[in-house]
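*Asks:* One structure follows; several queries about it will come next.
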There are 2 protein chains.
Amino acid sequence: MTTAPSTIPDFSRPDGLITAVAQDAASGQVLMVAHMNRVAWEETLATGRAVYYSRARGRLWRKGEESGNTQNVRAAYVDCDGDAVLLVVEQVGGAACHEGYPSCFFRQQTPEGLKIVAERVFDPKNVYQKSSE
Amino acid sequence: MTTAPSTIPDFSRPDGLITAVAQDAASGQVLMVAHMNRVAWEETLATGRAVYYSRARGRLWRKGEESGNTQNVRAAYVDCDGDAVLLVVEQVGGAACHEGYPSCFFRQQTPEGLKIVAERVFDPKNVYQKSSE
């Protein structure tokens, strides 16, 4: 049996991170997968806006800090073993992905390889001045 | 800008794993978050059944191998930076979680703490003889 974590969510992994999934409250579409440390989780709950931890940048990532495409959190769930959370969000701007698509999962695996199955909401060149999210 | 990974999905992280999210094809509910190594991903695509990599057990985890609650994969998507995949699945038995709930995200965060917001489909004691998933 899985041992219950001492805190919920359980930030006891060596990197101190949990996995976070964002789902669109209106469409039910899975928008993105990211990570959170304890500070990101607590700020998300306190502010009602999704805050992640960017592994690439090694710092908090307030979703939409550059693009303006913030996520308003309608509900938050914790999974059975406490190492993943699900945020049901209102996606401001209609696009979660830095590539300009509504969801980061805009490519479907097919027998012929990956196929883009979504349409861009914005052009990243017009949104990001310096670097991508 | 994010550099395109050399393979898609990108298994180049030190642990060789990507994150996998399973979503119910019928309800749209996010069922669970797990991990995959390259073998798990390739077996999933080849068989049409979800195969994960259990970090706790250090081996492939053919979902439902003990409970019978397999996942038939209807579609698979890869995210923008290649380190997460989304499986849209038919959840055999109606429950993805080893705790007997349809989704592993059966606890909602509320100001008073975590609250169970789902009903059990099965009693784990009747399903798992030796150990939990």
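FYI, nothing fancy with the structure tokens labels: chains A, B, ... in order, residues from 1 per chain, ligands from 1 as they appear.
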Identify all chain A residues at most 10 Å from chain B by counting only C-alpha atoms; ligands do not count. Present them as a PyMOL selection string.

*Replies:* chain A and resi 1-2+8+19-23+27-34+45-46+56+75-87+97-99+101+103-111+113-117+128+130-133

*Asks:* Could you pull out the alpha helix (DSSP H) residues of chain B, going by DSSP on the backbone, and write them as a count of residues only?

*Replies:* 14

*Asks:* So that I can check the surroundings of B:Phe11, please list as an MDAnalysis selection string every protein, DNA and RNA residue that reaches within 7 Å of it, counting only C-alpha atoms and ignoring chain neighbours fewer than 3 positions away.

*Replies:* chainID B and resid 16:18 37:38
